[in-house]
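**Q** What follows is run_6.cif, made up of mmCIF, C-alpha atoms:
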```
data_work
loop_
_atom_site.label_atom_id
_atom_site.label_comp_id
_atom_site.auth_asym_id
_atom_site.auth_seq_id
_atom_site.Cartn_x
_atom_site.Cartn_y
_atom_site.Cartn_z
CA MET A 836 29.98 -30.02 66.03
CA ARG A 837 26.24 -29.36 66.44
CA ALA A 838 26.14 -27.56 63.07
CA ARG A 839 27.77 -30.58 61.41
CA TRP A 840 25.06 -32.94 62.77
CA LEU A 841 22.35 -30.48 61.63
CA VAL A 842 23.64 -30.49 58.05
CA PHE A 843 23.90 -34.29 58.17
CA GLY A 844 20.27 -34.54 59.35
CA MET A 845 19.11 -32.31 56.50
CA PHE A 846 20.73 -34.66 53.97
CA LEU A 847 19.00 -37.62 55.61
CA THR A 848 15.51 -36.04 55.54
CA PHE A 849 15.75 -34.70 51.98
CA PRO A 850 15.12 -38.10 50.29
CA LEU A 851 12.08 -38.61 52.56
CA LEU A 852 10.56 -35.29 51.43
CA ALA A 853 11.33 -36.12 47.80
CA GLN A 854 9.41 -39.43 48.11
CA ALA A 855 6.44 -37.87 49.97
CA SER A 856 3.05 -37.49 48.25
CA PRO A 857 2.18 -33.79 47.85
CA THR A 858 -1.47 -32.73 48.14
CA ALA A 859 -3.10 -29.66 46.56
CA ILE A 860 -6.42 -28.54 48.14
CA LEU A 861 -8.64 -26.72 45.60
CA VAL A 862 -11.67 -24.86 47.06
CA ASP A 863 -14.51 -23.43 44.94
CA THR A 864 -15.04 -19.88 46.29
CA SER A 865 -17.65 -18.79 43.73
CA ARG A 866 -21.02 -17.59 44.97
CA SER A 867 -22.72 -20.85 43.90
CA ILE A 868 -21.88 -22.53 47.26
CA PRO A 869 -24.36 -21.94 50.16
CA PRO A 870 -22.69 -19.90 52.96
CA ALA A 871 -23.51 -22.47 55.69
CA GLN A 872 -21.93 -25.27 53.68
CA PHE A 873 -18.93 -23.08 52.86
CA GLU A 874 -18.21 -22.72 56.60
CA ALA A 875 -18.71 -26.47 57.08
CA LEU A 876 -16.06 -27.30 54.46
CA LYS A 877 -13.53 -25.24 56.45
CA GLU A 878 -14.19 -27.44 59.49
CA ARG A 879 -13.75 -30.61 57.39
CA LEU A 880 -10.42 -29.36 56.05
CA GLU A 881 -9.21 -28.40 59.53
CA ALA A 882 -9.98 -31.92 60.78
CA ALA A 883 -8.25 -33.56 57.78
CA LEU A 884 -5.05 -31.46 57.89
CA PRO A 885 -3.03 -33.68 60.30
CA ASP A 886 -3.51 -36.77 58.07
CA LEU A 887 -2.72 -34.87 54.85
CA VAL A 888 0.43 -33.24 56.23
CA SER A 889 1.67 -36.56 57.64
CA LYS A 890 2.19 -37.88 54.08
CA GLY A 891 3.82 -34.83 52.51
CA PRO A 892 3.61 -31.09 51.81
CA VAL A 893 0.19 -29.49 51.24
CA ALA A 894 -0.76 -26.39 49.18
CA LEU A 895 -4.05 -24.44 49.26
CA TYR A 896 -5.75 -22.97 46.16
CA ALA A 897 -8.98 -20.96 45.73
CA PHE A 898 -10.78 -20.25 42.45
CA ASN A 899 -13.67 -18.16 41.19
CA ASP A 900 -12.81 -15.57 38.48
CA GLU A 901 -9.20 -16.87 38.49
CA PRO A 902 -7.12 -19.54 40.28
CA VAL A 903 -5.09 -18.25 43.28
CA ARG A 904 -2.51 -20.17 45.34
CA LEU A 905 -3.11 -18.98 48.91
CA VAL A 906 -0.50 -21.20 50.62
CA ASP A 907 2.55 -22.71 48.93
CA TYR A 908 3.55 -26.35 49.53
CA THR A 909 4.37 -26.76 53.22
CA THR A 910 3.98 -29.06 56.22
CA ASP A 911 3.30 -26.14 58.57
CA GLN A 912 -0.24 -26.73 59.85
CA ALA A 913 -0.45 -23.22 61.31
CA ALA A 914 0.14 -21.61 57.89
CA LEU A 915 -2.45 -23.91 56.30
CA HIS A 916 -4.90 -23.15 59.12
CA ASP A 917 -4.54 -19.40 58.48
CA GLY A 918 -5.07 -19.93 54.75
CA ILE A 919 -8.26 -21.95 55.30
CA GLN A 920 -9.68 -19.26 57.59
CA LYS A 921 -9.03 -16.62 54.90
CA LEU A 922 -11.20 -18.48 52.33
CA ALA A 923 -14.12 -16.25 51.27
CA GLU A 924 -16.71 -16.41 48.49
CA GLY A 925 -16.74 -13.87 45.65
CA GLY A 926 -16.34 -13.39 41.90
CA ARG A 927 -18.76 -13.93 39.03
CA PHE A 928 -17.42 -17.05 37.29
CA THR A 929 -16.04 -20.51 38.16
CA LEU A 930 -12.71 -21.27 36.43
CA LEU A 931 -12.60 -24.89 37.62
CA TYR A 932 -10.56 -26.39 34.79
CA ASP A 933 -8.05 -23.50 34.78
CA CYS A 934 -7.37 -24.07 38.50
CA LEU A 935 -6.97 -27.85 38.00
CA PHE A 936 -4.54 -27.17 35.15
CA THR A 937 -2.52 -24.70 37.28
CA ALA A 938 -2.37 -27.04 40.30
CA GLU A 939 -1.26 -29.97 38.13
CA LYS A 940 1.50 -27.86 36.54
CA ASP A 941 2.78 -26.76 39.97
CA MET A 942 2.68 -30.36 41.27
CA ALA A 943 4.50 -31.71 38.20
CA ALA A 944 7.36 -29.32 38.99
CA LEU A 945 7.88 -31.20 42.28
CA GLY A 946 8.69 -34.36 40.28
CA SER A 947 6.55 -36.69 42.42
CA PRO A 948 3.07 -38.24 42.00
CA GLY A 949 0.44 -36.41 44.03
CA ILE A 950 -3.24 -35.85 44.84
CA ILE A 951 -5.58 -32.94 44.14
CA LEU A 952 -8.33 -32.68 46.81
CA LEU A 953 -11.12 -30.81 44.97
CA LEU A 954 -14.15 -29.30 46.76
CA THR A 955 -16.63 -27.81 44.22
CA ASP A 956 -20.06 -28.17 42.65
CA GLY A 957 -18.38 -29.50 39.48
CA ARG A 958 -19.52 -26.68 37.21
CA ASP A 959 -17.03 -24.77 35.06
CA GLU A 960 -17.49 -21.44 33.34
CA ASN A 961 -15.14 -19.36 31.15
CA SER A 962 -12.06 -21.60 31.57
CA ALA A 963 -9.47 -21.38 28.80
CA VAL A 964 -8.75 -25.13 28.96
CA THR A 965 -11.03 -28.19 28.90
CA LEU A 966 -11.41 -31.23 31.13
CA GLU A 967 -9.64 -33.35 28.49
CA ASP A 968 -6.62 -30.98 28.50
CA PHE A 969 -6.22 -31.39 32.27
CA ALA A 970 -6.87 -35.17 32.28
CA ALA A 971 -4.16 -35.80 29.66
CA ARG A 972 -1.52 -33.90 31.65
CA ALA A 973 -2.63 -35.40 34.97
CA SER A 974 -2.39 -38.97 33.61
CA GLU A 975 1.13 -38.30 32.34
CA ALA A 976 2.28 -36.75 35.65
CA HIS A 977 0.45 -39.36 37.84
CA VAL A 978 -1.74 -36.73 39.53
CA ALA A 979 -5.07 -38.12 40.84
CA VAL A 980 -8.21 -36.18 41.88
CA VAL A 981 -10.26 -36.83 45.02
CA SER A 982 -13.50 -34.88 44.45
CA VAL A 983 -16.07 -33.71 47.02
CA GLY A 984 -19.46 -32.29 45.97
CA LEU A 985 -20.71 -28.91 47.22
CA GLY A 986 -24.13 -27.25 46.85
CA ALA A 987 -26.20 -28.41 43.84
CA ALA A 988 -23.27 -30.54 42.69
CA ASP A 989 -22.98 -32.06 39.22
CA GLU A 990 -22.02 -35.47 40.59
CA LYS A 991 -21.58 -36.99 37.12
CA SER A 992 -18.83 -34.48 36.28
CA LEU A 993 -17.14 -35.03 39.67
CA ARG A 994 -17.15 -38.83 39.21
CA ARG A 995 -15.75 -38.39 35.70
CA LEU A 996 -12.90 -36.23 37.01
CA ALA A 997 -12.01 -38.91 39.56
CA VAL A 998 -12.23 -41.81 37.07
CA LEU A 999 -10.15 -40.08 34.35
CA THR A 1000 -7.29 -39.45 36.80
CA GLY A 1001 -7.44 -42.68 38.85
CA GLY A 1002 -8.81 -40.95 41.96
CA ARG A 1003 -11.96 -41.31 44.10
CA TYR A 1004 -15.29 -39.47 44.47
CA ALA A 1005 -15.89 -38.95 48.22
CA GLY A 1006 -19.56 -37.89 47.78
CA LEU A 1007 -21.44 -34.77 48.85
CA LEU A 1008 -19.99 -32.71 51.69
CA GLY A 1009 -23.20 -33.06 53.74
CA LYS A 1010 -22.76 -36.87 53.75
CA ALA A 1011 -18.94 -37.03 53.76
CA ASP A 1012 -17.37 -36.27 57.14
CA ALA A 1013 -13.65 -35.71 57.66
CA ALA A 1014 -13.02 -39.46 58.18
CA SER A 1015 -14.60 -40.49 54.84
CA LEU A 1016 -12.78 -37.65 53.07
CA VAL A 1017 -9.44 -38.80 54.49
CA GLY A 1018 -10.33 -42.42 53.66
CA ALA A 1019 -10.88 -41.58 49.97
CA TRP A 1020 -7.61 -39.63 50.01
CA ARG A 1021 -5.71 -42.58 51.56
CA ASP A 1022 -7.13 -45.07 49.02
CA THR A 1023 -5.98 -42.78 46.18
CA GLU A 1024 -2.56 -42.23 47.77
CA ALA A 1025 -2.05 -45.99 48.09
CA ALA A 1026 -2.78 -46.45 44.35
CA LEU A 1027 -0.22 -43.84 43.22
CA PRO A 1028 2.91 -45.21 41.53
CA PRO A 1029 6.18 -44.88 43.45
CA PRO A 1030 8.27 -41.78 42.71
CA PRO A 1031 11.01 -42.20 40.10
CA PRO A 1032 14.38 -43.22 41.55
CA ALA A 1033 16.99 -40.51 41.96
CA LYS A 1034 19.43 -40.32 39.10
CA PRO A 1035 22.91 -41.61 40.10
CA THR A 1036 25.66 -39.05 40.21
CA ALA A 1037 28.01 -39.44 37.30
CA ILE A 1038 31.56 -40.42 38.32
CA GLN A 1039 34.12 -38.42 36.46
CA GLU A 1040 36.79 -40.64 35.03
CA PRO A 1041 40.42 -39.53 35.43
CA GLN A 1042 41.75 -37.64 32.44
CA PRO A 1043 44.76 -39.15 30.70
CA THR A 1044 48.07 -37.36 31.11
CA ALA A 1045 49.63 -35.41 28.31
CA ALA A 1046 52.10 -38.19 27.67
CA ALA A 1047 49.42 -40.90 27.39
CA ALA A 1048 47.03 -38.82 25.29
CA ALA A 1049 48.61 -39.42 21.92
CA PRO A 1050 46.73 -37.81 19.00
CA VAL A 1051 44.66 -40.32 17.02
CA PRO A 1052 44.39 -39.61 13.29
CA PRO A 1053 40.79 -39.20 12.05
CA PRO A 1054 39.38 -42.01 9.91
CA PRO A 1055 39.33 -41.44 6.15
CA ALA A 1056 36.15 -39.82 4.84
CA ASP A 1057 33.67 -42.20 3.22
CA HIS A 1058 32.06 -40.64 0.12
CA SER A 1059 30.38 -43.80 -1.18
CA GLY A 1060 26.92 -42.58 -0.04
CA LEU A 1061 27.22 -39.40 -2.15
CA TRP A 1062 28.12 -41.40 -5.27
CA ILE A 1063 25.08 -43.64 -4.75
CA LEU A 1064 22.75 -40.62 -4.43
CA ALA A 1065 24.20 -39.06 -7.59
CA ALA A 1066 23.72 -42.30 -9.56
CA VAL A 1067 20.09 -42.62 -8.41
CA PHE A 1068 19.37 -38.98 -9.39
CA LEU A 1069 20.87 -39.41 -12.88
CA ALA A 1070 18.93 -42.64 -13.47
CA GLY A 1071 15.64 -40.97 -12.48
CA PHE A 1072 16.35 -37.97 -14.74
CA ALA A 1073 17.05 -40.27 -17.70
CA ILE A 1074 13.77 -42.15 -17.18
CA VAL A 1075 11.80 -38.85 -17.14
CA VAL A 1076 13.45 -37.72 -20.42
CA VAL A 1077 12.62 -41.03 -22.15
CA VAL A 1078 9.00 -40.88 -21.07
CA LEU A 1079 8.62 -37.30 -22.35
CA VAL A 1080 10.11 -38.20 -25.74
CA VAL A 1081 7.74 -41.15 -26.15
CA LEU A 1082 4.72 -39.04 -25.25
CA LEU A 1083 5.72 -36.30 -27.74
CA LYS A 1084 6.08 -38.82 -30.59
CA ARG A 1085 2.65 -40.32 -29.85
CA THR A 1086 0.94 -36.92 -29.75
CA LYS A 1087 -0.87 -36.25 -33.04
CA PRO A 1088 -1.88 -32.81 -34.29
CA PRO A 1089 -5.63 -32.17 -34.11
CA GLU A 1090 -7.57 -33.03 -37.28
CA ALA A 1091 -8.80 -30.07 -39.33
CA ARG A 1092 -12.60 -29.46 -39.19
CA VAL A 1093 -14.77 -27.69 -41.75
CA CYS A 1094 -18.40 -26.48 -41.75
CA GLU A 1095 -20.64 -28.98 -43.47
CA THR A 1096 -22.83 -26.15 -44.82
CA CYS A 1097 -20.41 -23.56 -46.24
CA GLY A 1098 -17.08 -25.44 -46.09
CA ARG A 1099 -15.38 -22.83 -43.92
CA ALA A 1100 -12.46 -24.09 -41.76
CA LEU A 1101 -13.38 -24.24 -38.08
CA GLN A 1102 -10.98 -23.35 -35.29
CA ALA A 1103 -10.38 -25.76 -32.39
CA TRP A 1104 -12.53 -23.71 -30.03
CA GLU A 1105 -15.45 -23.20 -32.48
CA ALA A 1106 -18.34 -25.61 -32.06
CA GLN A 1107 -20.44 -23.98 -34.84
CA CYS A 1108 -19.64 -21.94 -37.94
CA PRO A 1109 -20.00 -18.21 -37.00
CA ASP A 1110 -20.98 -17.26 -40.61
CA CYS A 1111 -23.82 -19.74 -40.72
CA LEU A 1112 -24.94 -18.71 -37.21
CA ALA A 1113 -25.03 -15.02 -38.30
CA SER A 1114 -27.20 -15.84 -41.33
CA GLU A 1115 -29.59 -17.82 -39.13
CA LEU A 1116 -29.95 -14.73 -36.88
CA SER A 1117 -30.67 -12.52 -39.90
CA ILE A 1118 -27.42 -10.53 -39.51
CA THR A 1119 -25.82 -9.90 -42.92
CA LYS A 1120 -23.01 -7.49 -42.00
CA PRO A 1121 -21.35 -6.41 -38.76
CA GLY A 1122 -23.09 -3.39 -37.27
CA LEU A 1123 -26.54 -4.11 -38.76
CA GLU A 1124 -29.24 -5.23 -36.33
CA ALA A 1125 -31.84 -7.82 -37.22
CA GLN A 1126 -35.35 -6.66 -38.00
CA THR A 1127 -37.47 -7.18 -34.90
CA PRO A 1128 -41.08 -8.00 -35.83
CA ALA A 1129 -43.54 -5.40 -34.60
CA ALA A 1130 -45.59 -6.41 -31.58
CA PRO A 1131 -49.28 -7.07 -32.37
CA PRO A 1132 -51.61 -4.23 -31.34
CA LEU A 1133 -53.38 -4.61 -28.00
CA PRO A 1134 -57.15 -5.17 -28.21
CA GLU A 1135 -59.43 -2.37 -27.09
CA ILE A 1136 -60.93 -3.14 -23.62
CA ASP A 1137 -63.94 -1.42 -22.09
CA PRO A 1138 -62.66 0.89 -19.26
CA ALA A 1139 -65.52 -0.30 -17.07
CA LEU A 1140 -63.88 -3.72 -16.96
CA LEU A 1141 -60.76 -2.23 -15.31
CA ARG A 1142 -62.66 -0.98 -12.25
CA LYS A 1143 -63.49 -3.05 -9.12
CA GLY A 1144 -67.07 -4.13 -8.65
CA PRO A 1145 -69.09 -3.46 -5.49
CA SER A 1146 -68.28 -5.87 -2.62
CA SER A 1147 -70.38 -7.09 0.28
CA GLU A 1148 -70.05 -5.13 3.53
CA ALA A 1149 -70.05 -8.41 5.46
CA LEU A 1150 -66.70 -9.45 3.97
CA GLU A 1151 -63.66 -9.08 6.25
CA HIS A 1152 -60.63 -7.00 5.29
CA THR A 1153 -57.66 -8.76 3.64
CA LEU A 1154 -55.06 -9.99 6.15
CA VAL A 1155 -51.72 -8.17 5.98
CA LEU A 1156 -48.67 -10.46 6.22
CA ASP A 1157 -45.18 -9.48 7.28
CA GLU A 1158 -41.81 -11.24 7.67
CA VAL A 1159 -41.27 -12.32 11.28
CA PRO A 1160 -37.85 -13.68 12.49
CA VAL A 1161 -38.03 -17.03 14.32
CA LEU A 1162 -35.54 -19.49 15.85
CA VAL A 1163 -36.21 -23.25 15.74
CA LEU A 1164 -34.27 -25.14 18.46
CA ARG A 1165 -33.25 -28.75 17.87
CA ARG A 1166 -31.46 -30.50 20.73
CA GLY A 1167 -30.76 -34.23 20.69
CA ASN A 1168 -33.89 -36.38 20.47
CA ASN A 1169 -36.09 -33.67 22.01
CA PRO A 1170 -38.93 -32.28 19.86
CA PRO A 1171 -38.09 -29.00 18.11
CA ARG A 1172 -39.10 -25.72 19.79
CA MET A 1173 -39.89 -22.47 17.96
CA PHE A 1174 -39.20 -18.99 19.37
CA GLN A 1175 -40.53 -15.80 17.72
CA LEU A 1176 -37.99 -12.98 18.06
CA PRO A 1177 -39.48 -9.63 19.22
CA PRO A 1178 -39.11 -6.97 16.49
CA GLY A 1179 -36.45 -4.31 16.96
CA GLN A 1180 -34.99 -5.90 20.13
CA VAL A 1181 -31.66 -7.52 20.98
CA VAL A 1182 -32.22 -11.21 21.73
CA SER A 1183 -29.81 -13.01 24.11
CA ILE A 1184 -29.53 -16.82 24.18
CA GLY A 1185 -27.77 -18.90 26.87
CA ARG A 1186 -28.11 -21.12 29.94
CA ASP A 1187 -28.86 -18.37 32.48
CA LYS A 1188 -32.47 -17.28 33.09
CA VAL A 1189 -31.53 -13.62 32.48
CA ASN A 1190 -31.47 -14.35 28.71
CA THR A 1191 -34.36 -13.66 26.35
CA ILE A 1192 -34.26 -17.36 25.43
CA SER A 1193 -32.99 -19.65 28.23
CA VAL A 1194 -31.98 -23.25 27.39
CA ALA A 1195 -31.03 -25.68 30.21
CA ASP A 1196 -27.97 -27.19 28.52
CA GLN A 1197 -24.59 -27.51 30.27
CA THR A 1198 -22.75 -27.17 26.93
CA LEU A 1199 -24.05 -23.59 26.62
CA SER A 1200 -22.38 -20.69 28.41
CA ALA A 1201 -24.43 -18.61 30.84
CA GLN A 1202 -24.76 -15.98 28.08
CA HIS A 1203 -23.69 -17.65 24.81
CA PHE A 1204 -24.70 -15.43 21.85
CA ARG A 1205 -27.02 -12.59 20.77
CA ILE A 1206 -29.05 -11.75 17.66
CA VAL A 1207 -29.02 -8.01 16.90
CA GLN A 1208 -31.44 -6.29 14.49
CA LYS A 1209 -30.10 -3.20 12.71
CA GLU A 1210 -31.41 -1.37 9.62
CA GLY A 1211 -33.55 -4.31 8.55
CA LYS A 1212 -30.73 -6.87 8.84
CA PHE A 1213 -29.93 -9.46 11.49
CA TYR A 1214 -26.47 -10.09 12.98
CA LEU A 1215 -25.09 -12.98 15.08
CA VAL A 1216 -22.74 -11.92 17.96
CA ASP A 1217 -20.74 -14.45 20.04
CA LEU A 1218 -20.43 -13.46 23.74
CA GLN A 1219 -16.95 -14.97 24.29
CA SER A 1220 -18.56 -18.37 24.91
CA THR A 1221 -16.50 -21.34 26.14
CA ASN A 1222 -17.43 -23.75 23.32
CA GLY A 1223 -17.82 -21.10 20.59
CA THR A 1224 -20.66 -20.15 18.22
CA TYR A 1225 -20.80 -21.67 14.71
CA LEU A 1226 -22.73 -20.33 11.70
CA ASP A 1227 -23.17 -22.96 8.96
CA ASN A 1228 -20.24 -25.00 10.45
CA ALA A 1229 -17.87 -21.98 10.61
CA ARG A 1230 -16.88 -20.47 13.99
CA VAL A 1231 -17.77 -16.77 14.05
CA THR A 1232 -17.56 -13.78 16.36
CA LEU A 1233 -19.79 -11.41 14.33
CA ALA A 1234 -21.65 -12.38 11.16
CA GLU A 1235 -24.78 -11.38 9.22
CA LEU A 1236 -27.69 -13.83 9.34
CA SER A 1237 -29.81 -14.85 6.36
CA SER A 1238 -33.01 -16.85 6.30
CA GLY A 1239 -32.26 -20.57 6.48
CA ALA A 1240 -28.95 -20.15 8.33
CA VAL A 1241 -28.08 -22.74 11.00
CA ILE A 1242 -26.50 -21.64 14.30
CA ARG A 1243 -24.74 -24.28 16.44
CA ALA A 1244 -23.90 -23.56 20.09
CA GLY A 1245 -22.70 -26.44 22.27
CA GLN A 1246 -25.04 -29.39 21.61
CA CYS A 1247 -27.88 -27.09 20.50
CA GLU A 1248 -28.78 -26.23 16.91
CA PHE A 1249 -30.86 -23.14 16.05
CA ALA A 1250 -32.39 -22.65 12.58
CA PHE A 1251 -32.97 -18.95 11.75
CA ARG A 1252 -35.92 -18.27 9.43
CA LEU A 1253 -38.07 -15.38 8.24
CA GLU A 1254 -41.72 -16.49 8.13
CA MET A 1255 -44.76 -14.70 6.80
CA LYS A 1256 -47.20 -14.08 9.65
CA LYS A 1257 -50.28 -11.88 10.22
CA LEU A 1258 -49.65 -8.44 11.60
CA SER A 1259 -51.32 -7.88 14.96
#
```
Take the structure in this file and express it as structure tokens.

**A**
Amino acid sequence: MRARWLVFGMFLTFPLLAQASPTAILVDTSRSIPPAQFEALKERLEAALPDLVSKGPVALYAFNDEPVRLVDYTTDQAALHDGIQKLAEGGRFTLLYDCLFTAEKDMAALGSPGIILLLTDGRDENSAVTLEDFAARASEAHVAVVSVGLGAADEKSLRRLAVLTGGRYAGLLGKADAASLVGAWRDTEAALPPPPPAKPTAIQEPQPTAAAAAPVPPPPADHSGLWILAAVFLAGFAIVVVVLVVLLKRTKPPEARVCETCGRALQAWEAQCPDCLASELSITKPGLEAQTPAAPPLPEIDPALLRKGPSSEALEHTLVLDEVPVLVLRRGNNPPRMFQLPPGQVVSIGRDKVNTISVADQTLSAQHFRIVQKEGKFYLVDLQSTNGTYLDNARVTLAELSSGAVIRAGQCEFAFRLEMKKLS
């Protein structure tokens, strides 16, 4: 009897779980978050857990070099507590968009609108997908993002994430306590659409008995459509034949042309009489070359005039010029900047300060591309950048550079030139 009531209770609670709002907690565990603030975010999550679990199952994700689901969807606060305590910083990259994409895909499998609680600095690096890819799927699955800023957060990107998905930006972690974080989560949860109603179970109609199921003869085949198609095809073929016949009758043979000088008949491809042209070039028979007039003799010049005269000792030596490779950076409305490439060295360009040329542009990868000098030639090498490297509007991985080529990386444009400059 007790087992029967237990099964009955499970059937009663199943619709409630199906209508609950799941929450996925995504934590940025890259090394860009200060350690003190990383410990503080654990305390905020611990304080917010009871409110999050009260509305539905919660899952915990961490991401740096790759997205990892630490705790599957559950309402067990002890399991979530253990997962939060295991969070640790590491890795070299921040695959923010890949983790958002993975969490949205897992949440869509639950078949209910939900919330992604994202704690990050808003910076992505080396993700295979873009923000637009995630936003399109999230809008279709009714998944909203509540974002919280960590470290030197890119607040514009975090606000954009929230706006594109119908969520909220809770602010920086230092200013957002657990109550404000839960408040932003509740506002977003209240704005979610209701879950789709459960599909009604189909009622199987009784099958007729053998006596009542009398065979029904099939209806006669209707071939009228085939006859119409055949008639249209024949009419079109007849029109094409008539048009070809009319065009052939109107076509006239080309008029015969003759040379006005010698009267020789000219072929259709000849613009000038070849016989007359040969006589003008002083060629009488095939194989005989025209007489080339002898060049006039050179005048005799005094050898003393071919020697340099004495120069003043006060005059400076002639400057020696050499080709020097340069890059001219054009970025938006900013004035252009010129960089002289060191001879014989590999030059690295990107957002990180470890590069030879560092450009503070979020559309560039940390190390975007290199210019390699080898055997007097220059080569462009893409470093598996997120937004790609383009040479003269074509995306390349490895390509030879020529003077005047234009390299486009993110929103930056680099003109490669070889300029003549004085040797030092």

**Q** Please, what distance in Å, to one decimal, runs between CA of Ala923 in chain A and CA of Thr864 in chain A?

**A**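 Going from CA of Ala923 in chain A over to CA of Thr864 in chain A, I get 6.2 Å.
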
**Q** List, as a PyMOL selection string, every residue that the PyMOL selection byres ((chain A and resi 886) around 12) selects in the file provided.

**A** chain A and resi 856+858+879-885+887-893+910+912+1013-1014+1016-1021+1024

**Q** Using only C-alpha atoms, find each residue of range 936-1014 of chain A with at least one atom at most 9 Å away from an atom of range 1197-1211 of chain A; report its shortest atom-to-atom pair and that distance in Å (one decimal), sort the rows by chain and rising residue number, and return the result as a tab-separated table.

**A**
```
residue	atom	partner	partner_atom	distance
A:Arg958	CA	A:Gln1197	CA	8.6
A:Glu960	CA	A:Ser1200	CA	7.0
A:Asn961	CA	A:Ser1200	CA	7.9
```

**Q** Near Glu975 in chain A, within 12 Å and counting only C-alpha atoms, which residues show up once chain neighbours fewer than 4 positions away are dropped, as JSON, numbers by chain?

**A** {"A": [939, 940, 943, 946, 947, 948, 949, 968, 969, 970, 971, 979, 999, 1000, 1001, 1028]}

**Q** For the structure provided, state which residues fall under the PyMOL selection byres ((chain A and resi 1232) around 8), and present them as a JSON list (two decimals) with C-alpha atoms, keeping the file's coordinate frame.

**A**
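Result went into out27.json, see below:
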```json
[["chain", "number", "residue", "atom", "x", "y", "z"],
["A", 1215, "LEU", "CA", -25.09, -12.98, 15.08],
["A", 1216, "VAL", "CA", -22.74, -11.92, 17.96],
["A", 1217, "ASP", "CA", -20.74, -14.45, 20.04],
["A", 1218, "LEU", "CA", -20.43, -13.46, 23.74],
["A", 1224, "THR", "CA", -20.66, -20.15, 18.22],
["A", 1230, "ARG", "CA", -16.88, -20.47, 13.99],
["A", 1231, "VAL", "CA", -17.77, -16.77, 14.05],
["A", 1233, "LEU", "CA", -19.79, -11.41, 14.33],
["A", 1234, "ALA", "CA", -21.65, -12.38, 11.16]]
```

**Q** Could you pull out every residue with an atom within 10 Å of (-7.2, -33.0, 35.5), file coordinates, counting all atoms listed in the file, and send them as a PyMOL selection string?

**A** chain A and resi 931-939+951+965-974+978-980+996-997+999-1000

**Q** Using Å and a single decimal, report how far CA of Ala875 in chain A sits from CA of Thr955 in chain A.

**A**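 Atom-to-atom, CA of Thr955 in chain A and CA of Ala875 in chain A are spaced 13.1 Å apart.
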
**Q** I'd like the interatomic distance between CA of Ile1184 in chain A and CA of Arg1166 in chain A, to a tenth of an Å.

**A**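 Between these atoms lies a distance of 14.2 Å.
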
**Q** For this structure, which residues satisfy the selection - the PyMOL selection byres ((chain A and resi 956) around 9) - when it is evaluated on the file as given? I want them as a PyMOL selection string.

**A** chain A and resi 863+867-868+954-955+957-959+983-990+993

**Q** Determine the nearest neighbour of Leu952 in chain A from the options A:Thr1023, A:Asn899, A:Ser1238, A:Thr1221, counting only C-alpha atoms.

**A**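 Closest residue, counting only C-alpha atoms: A:Thr1023.
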
**Q** Would you pick out the contacts of Leu953 in chain A at 7 Å or less, using only C-alpha atoms, so that residues sharing its chain but fewer than 3 positions from it are not included, and give the list as a PyMOL selection string?

**A** chain A and resi 860-862+980-983

**Q** Which polymer residues have any atom within 9 Å of an atom of Leu1236 in chain A, counting all atoms listed in the file, with same-chain residues fewer than 6 positions away left out, as a PyMOL selection string?

**A** chain A and resi 1206+1212-1215+1226+1251

**Q** Do you know which residues lie at most 6 Å from (-26.1, -20.0, 6.8), with coordinates as in the file and all atoms listed in the file counted, and could you write them as JSON, numbers by chain?

**A** {"A": [1226, 1227, 1240, 1241]}
